[in-house]
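Q: One structure, as structure tokens, below. Some questions next.
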Amino acid sequence: MATRIRTHRKQRKNLLTSPGTLTYVGKSVDIKTQIKRIEYNASFYHEAIDSNLDVCLPRAESTDQPFVTWLNVTGIHEPDVIGQIGKMYQLHPLMLEDVMNTDQKPKVETYENGHLFVTLKMLHFDENSPTELWAEHISFVLGKNYLISFQEEQSGDVLTPVIDRLKASVGKTRRSGPDYLLYALVDVIVDNYFLVLENFGDQLDQLEDQVISGYQSQSLSELYSIKRELTFARRLIWPLRDMVAQLVRPDDPLVSKRVHPYMRDVNDHVMQIIESLDAYRELLASLVDVHLSTISNRMNQVMKTLTIFSAIFMPITFIVGVYGMNFDNIPELHTRNGYFITWGVMGMVTLGMLGYFRWKKWL
Amino acid sequence: MATRIRTHRKQRKNLLTSPGTLTYVGKSVDIKTQIKRIEYNASFYHEAIDSNLDVCLPRAESTDQPFVTWLNVTGIHEPDVIGQIGKMYQLHPLMLEDVMNTDQKPKVETYENGHLFVTLKMLHFDENSPTELWAEHISFVLGKNYLISFQEEQSGDVLTPVIDRLKASVGKTRRSGPDYLLYALVDVIVDNYFLVLENFGDQLDQLEDQVISGYQSQSLSELYSIKRELTFARRLIWPLRDMVAQLVRPDDPLVSKRVHPYMRDVNDHVMQIIESLDAYRELLASLVDVHLSTISNRMNQVMKTLTIFSAIFMPITFIVGVYGMNFDNIPELHTRNGYFITWGVMGMVTLGMLGYFRWKKWL
Amino acid sequence: MATRIRTHRKQRKNLLTSPGTLTYVGKSVDIKTQIKRIEYNASFYHEAIDSNLDVCLPRAESTDQPFVTWLNVTGIHEPDVIGQIGKMYQLHPLMLEDVMNTDQKPKVETYENGHLFVTLKMLHFDENSPTELWAEHISFVLGKNYLISFQEEQSGDVLTPVIDRLKASVGKTRRSGPDYLLYALVDVIVDNYFLVLENFGDQLDQLEDQVISGYQSQSLSELYSIKRELTFARRLIWPLRDMVAQLVRPDDPLVSKRVHPYMRDVNDHVMQIIESLDAYRELLASLVDVHLSTISNRMNQVMKTLTIFSAIFMPITFIVGVYGMNFDNIPELHTRNGYFITWGVMGMVTLGMLGYFRWKKWL
Amino acid sequence: MATRIRTHRKQRKNLLTSPGTLTYVGKSVDIKTQIKRIEYNASFYHEAIDSNLDVCLPRAESTDQPFVTWLNVTGIHEPDVIGQIGKMYQLHPLMLEDVMNTDQKPKVETYENGHLFVTLKMLHFDENSPTELWAEHISFVLGKNYLISFQEEQSGDVLTPVIDRLKASVGKTRRSGPDYLLYALVDVIVDNYFLVLENFGDQLDQLEDQVISGYQSQSLSELYSIKRELTFARRLIWPLRDMVAQLVRPDDPLVSKRVHPYMRDVNDHVMQIIESLDAYRELLASLVDVHLSTISNRMNQVMKTLTIFSAIFMPITFIVGVYGMNFDNIPELHTRNGYFITWGVMGMVTLGMLGYFRWKKWL
Amino acid sequence: MATRIRTHRKQRKNLLTSPGTLTYVGKSVDIKTQIKRIEYNASFYHEAIDSNLDVCLPRAESTDQPFVTWLNVTGIHEPDVIGQIGKMYQLHPLMLEDVMNTDQKPKVETYENGHLFVTLKMLHFDENSPTELWAEHISFVLGKNYLISFQEEQSGDVLTPVIDRLKASVGKTRRSGPDYLLYALVDVIVDNYFLVLENFGDQLDQLEDQVISGYQSQSLSELYSIKRELTFARRLIWPLRDMVAQLVRPDDPLVSKRVHPYMRDVNDHVMQIIESLDAYRELLASLVDVHLSTISNRMNQVMKTLTIFSAIFMPITFIVGVYGMNFDNIPELHTRNGYFITWGVMGMVTLGMLGYFRWKKWL
């Protein structure tokens, strides 16, 4: 199961187990591990789906017609299965540990027995709760003429385009080796990040309008929640930065020179995504200022209203108080028009106050 | 069409298409791609404009009188046209993808078949809405004796100075190779950034005056909008930083040593622009503080007004209340001058309060 | 005794003592230093616990059956003991100083006489006061066929898993040299950091809920206290970053190539922890903004209440004041329904005000 | 004319002109370019001032008695003059462009024909308006046995010390080559930055006192204006950082090894200035916090005053209102001492309130 | 005299003087320069104090019994004295300038005639005004068999421990060369920084308690003053970072390999101090937030008090106003219990209000 990106994870593994012991740390899953074996070259394409481990057995290569084997393992929660595949292909125990550890950050590692190990994350927003970002752990092992991919769950929506292309026609992928296949798969994953980016952009646009147009008290907690998802998305994409430098090495026998420009292209996209995330982060920080300033402006408005009311009614309430006094000798009380003159005075005071506040631009 | 710099873009490409498939991602355009072929050397200058692709055909070079060919392609929305030009000059599919991808960030790439690829952005503020920054995607392919430029739309205002100089007289450009032409074009684009910079500077100056002199409630959203444009302008200029390092390599057969100081000069300007943008960014951040402090000062002013009114009228309203009481036995009521003495007392209270607040520097 | 992470420590050492003089700077302890000697190889395992220094004597190695010696010294407060062990194994005086200096930050150092020195911290939250982070100083000296560990107190809970594994079965550790043992011990310590991380995550989650849902005045001091613990935890983990680069050197005779991938794995975990701490730090900073904004919103609410009360009661109190005046000639006073009409007017004023504030969305 | 440091500059150059075209971009000046030719060695010193370009002609060097020629050109607004000097000494067109471009940031460049080009800024505060920082553009061209300096206007106050020293006695400068002269001139310019630094320090000290002692509403705009000048001063000094690395190269024929320690000394001063500017910047940021907090404290004070007044007068005004009611049956009204008892009660209420606020530490 | 760390210093030197001219820029002092000559090796120790410059004369070294000479010069305000010592030992003029320039930041420099120059600061808080940090300039010149130290004033409290150790017994220092002596002196200075650190820690702890427990209006200016001292302390310690890299060079004839681990140990301490200062800086920034939030909370409290008073007394004051009206026909006035019923109503209004505010958690 894909993992909800949260601020923390549960304990990485049982501390008592020795290093290299396989333990699955993601959500518990009931589904059985499913293995798809795809074999292809420019002239043929063969596909077999099974949950039986026999599919995985490395096949003797016929030298006259070399082909590429892609083993797509869906489900990384069964230590036994992963362990057995590991034995079949002589994978390093630490590599298997990383395959199963859904908390593992993206990285590229070369192992001495000639394996290139790539692990990264597939990201997508929850369809029902569109502000929740989910990550799915995916790992690739590149061998001389095979590629093994391990993914958390059947996320056909991300990798199927590549399978469809393989099936459909004899394109560049069919004519190339497993290194190009690795590129094609990483490329399709990175391309999916653009959708995540777009979602962030939409959320930010909405918030921007909301914050600038007026203020709603919950804006800042929304800002915070976008910020949190951004922070964690960045944390999962950032390590990809160095990945290509490790994939594009002049002397690497696994990744041929012809694939290098393609790998660099992926790096380009990764950099573009990271820079966009950083730009969003910066804008979010600015929006916080706009928001706080809007609150202050509102407060100013409230205070002005209060002050204007007070400044108008306090003086005239005082005046009526004066003529409510019971002194024996208050000459004004006995004049004929005292009452009306008083009204006049109060009217003038009120107008004076209103004029003063208009002059001060409070009205 | 030039692209409005926004916080996000739409999906980069159809995820189902294989890498290297040409898809235009900018705004949909109706105009036909237009191609201008310019040939020149120190002794002749020839220009041909056509939308027919035949103009593009590479011409056999006569060794006795070498000349430079500049192919200026306006319109990058037709995959067919771009694809055919790509075939004619054997351009790498990924290069063509970058030519058409208006989201591609600036970069320099060397391809193995001897092409140098440069892509960057032309920036200009919208003439009608002077706070909206627009970016136009432009790419250059430098070959042995030709330069191909791909631009989104006919933005004669940016590149024409170079064409005019070529036409007008036998200057340094006419006597030099396509590498100097590349420099001249990049230089004129970078020089245009100074206009953008100036516009930012003007906007900042206005805001500065506005924020410092007094406060208008919309200032911060204007600050934010400048900030956003700045952030994205910087994102589009920043990658140019490393560009020259890649253009000025001792062993590069395409860019001759004589052009190196000129390339370094461009780099200088780029650095100057980036540093100015950063300085603006820093000042914007400071202006936010000034703005927030101004709001607080205003609030203080409002509160003081309220407090002064209350402090003056509350006591005297209390006094008049006292003598409005109906106790049978209130001796003061029956004195001859009670009413007038009361006025005197109230006058003194008022003066006392005013004095107190003047002493406290609230008045 | 483990040391409470505080903002500062007491004077590092007596300034009069010459460099290399052993002084314990942690809390004063009464417990006697305890030494455990473990000897093992693939075929045997032997353990001896004693506080007698004789256990420490390096034993002559029989060439036919090499074994690993692990000397686990618990208690670093007795200069004599540490000094004598230092003499037995010819440890550099500065190394011993670092063993006893509980303020020493983590580092790796190679000494010329063939020792590799590693010092780091064990971290755990206080069980009773779950927001107090404690650090325990632990050092390792790796020799050709032995490993000496010095720890502040018997923290069986951290290192015992490794001892248990050694005892239990002939695993990878039993079949490997002291370099793998060093790895296993460092790994178990670093794995414990994940528990600390998780605790921080829990605290942050609680605060997040608390801050976003409503506001409690003490939130910010809690934020501050988490921030302080985070800052210091980071300071103690950060130096581990470079550690592996120093442990994984091609020409190092002490750490064999087979252990390199394991060391890199530890580095991976360290990087992951540091990145998580940084992400927490960033989120804490954002929470401060949310908190301040919540306070401002509350204030706004309070001010609105006050303003609404004032705006309603000031006008009507003025009206009743008017008819409390004692002018001889106030015609309204003598009308039949003046009193009731006045009530009507006041009711309308009140309703008008309420309508106004509802229109302004203050209600 | 020196240039006022502002947030932006006018368009760098006419975009139609080809690169290397000389255009002056500073303020328009009427003064004629003045040229001073100084020739010296350990045994003689000769000085000639003229506006005639003949002074500039490079003189044939007599091998038996080598001397240093210093050409000090004051006024960089006449393209013709600069161009002609450029031709005489075979200066690169881009170098001349940088000489005249007062917007050029400081840099060191080596040209292939053996010239070392150094351009930097002289900074000084306006004497009349002591918070306005002005920059003057100055460039040096170092040749084999000559140094050419181009400065915007006759700023004798900065360079004269060096001329005076040359005239006065046979010191180190007289005995050394043009590289030492270059050092001496750059040194005197950098030393002048210390005056600018001191001015900043004074302004900061004043603001500090002003902000901490009390608050004046204009403080923050002053803070902002210092910040702006600081930002731009830093931008003009910062590039000097790398300058020395370029001047102190082992294989440079123009700058001899003997001058290297002196150049490093200049670098030291530059670093010291930059660090001080950064420290000022940091303190300014902290002062903003102090200022905002002071405003808030003031507001608190104002609000407390208001609250205390309200809390005292509202209850007693209510009480007097009670006995102003006209009910037929209010027993208290007819008691003998009702009025005086009421005063007593009001006195106690007032005292109670005062006591409460004193207990709350508001008084 | 030690120098008070302030935001700026007076003009570095008279701009008219040529580089290398010795000028003292610190406070003017009356005390005469005092010179102490210490000679020692494993077998003897000799000490001579004089203000006569003859003590300084380098002595011919007897090859059979080499010894170390330490020249401790106290007082750097007399250019003559410094100049003469410089001549005796052939010190570079720029080195002497740095010895006397109390504004010189810490650095290590190697001069070609075989001198290693180290300059740094001794820091201590003023004993009377414990928040004022003072810096004393100290420089070391390491020669082949001698060390010259120049310090501003007799600060026996810092260096005496080393002298005492030299006198007291034949320790490591006595058996080693001047490079170890240099280490011992630098070490004792750096150890003193821990006292400064501790003082900062104490101040921060106090402020923390003060800020969190309640608020006192002067807290922020105290925060600011700690911040300022921290900023400048950091500026004086930071350059020490690179110092060791320059002292520990494989081919340096002056600093022997045996001293390298000791130098690295000093670096360790420097790094630890810098990291602690940075952690303090970060915590200070967080305390500012806590402080501002506390102020806002206080304000909230004040406003609530005001609002509660107003909300209670405004309605009941209105009610008593109603029955103070003089309408002829107010039926309630003539009822028997009108007055008491009115009291009842007012009591209920009051209770209602109190209940409302308790429900809103304002009470």
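Just so we're on the same page: first chain in the structure tokens is A, next is B, and so on; residues restart at 1 for each chain, and ligands are numbered from 1 in the order they show up.
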Can you list, as a list in words, every protein, DNA or RNA residue that comes within 12 Å of Arg175 in chain E when you count only C-alpha atoms, leaving out same-chain residues fewer than 4 positions away?

A: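 Within the cut-off, the hits are Tyr40, Asn41, Ala42, Ser43, Phe44, Tyr45, Pro66, Phe67, Val68, Leu166, Ser169, Val170, Gly171, Asp179, Tyr180 and Leu181 of chain E.
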
Q: For chain E against chain C, which residues fall within 6 Å using only C-alpha atoms, given as a PyMOL selection string?

A: chain E and resi 161+198+201+290+300+307+318+321-322+324-328

Q: Write out as a list in words which residues come within 9 Å of range 148-152 of chain D when counting only C-alpha atoms, dropping same-chain ones fewer than 6 positions away.

A: Met1, Ala2, Gly26, Thr69, Trp70, Leu71, Asn72, Val73, Thr74, Gly75, Ile76, His77, Val99, Met100, Thr102, Glu136, His137, Ile138, Ser139, Phe140, Val141 and Leu142 of chain D

Q: Fewer than 3 positions away in the same chain doesn't count, so skip those; otherwise give me all residues within 10 Å of Gln203 in chain B, counting only C-alpha atoms, as a list in words.

A: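 Those residues are Pro130, Thr131, Leu197, Glu198, Asn199, Phe200, Gln206, Leu207, Glu208, Glu222, Leu223 and Ile226 of chain B.
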
Q: What gap, in Å, lies between CA of Thr33 in chain C and CA of Gly177 in chain C?

A: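 Those two atoms sit 26.3 Å apart.
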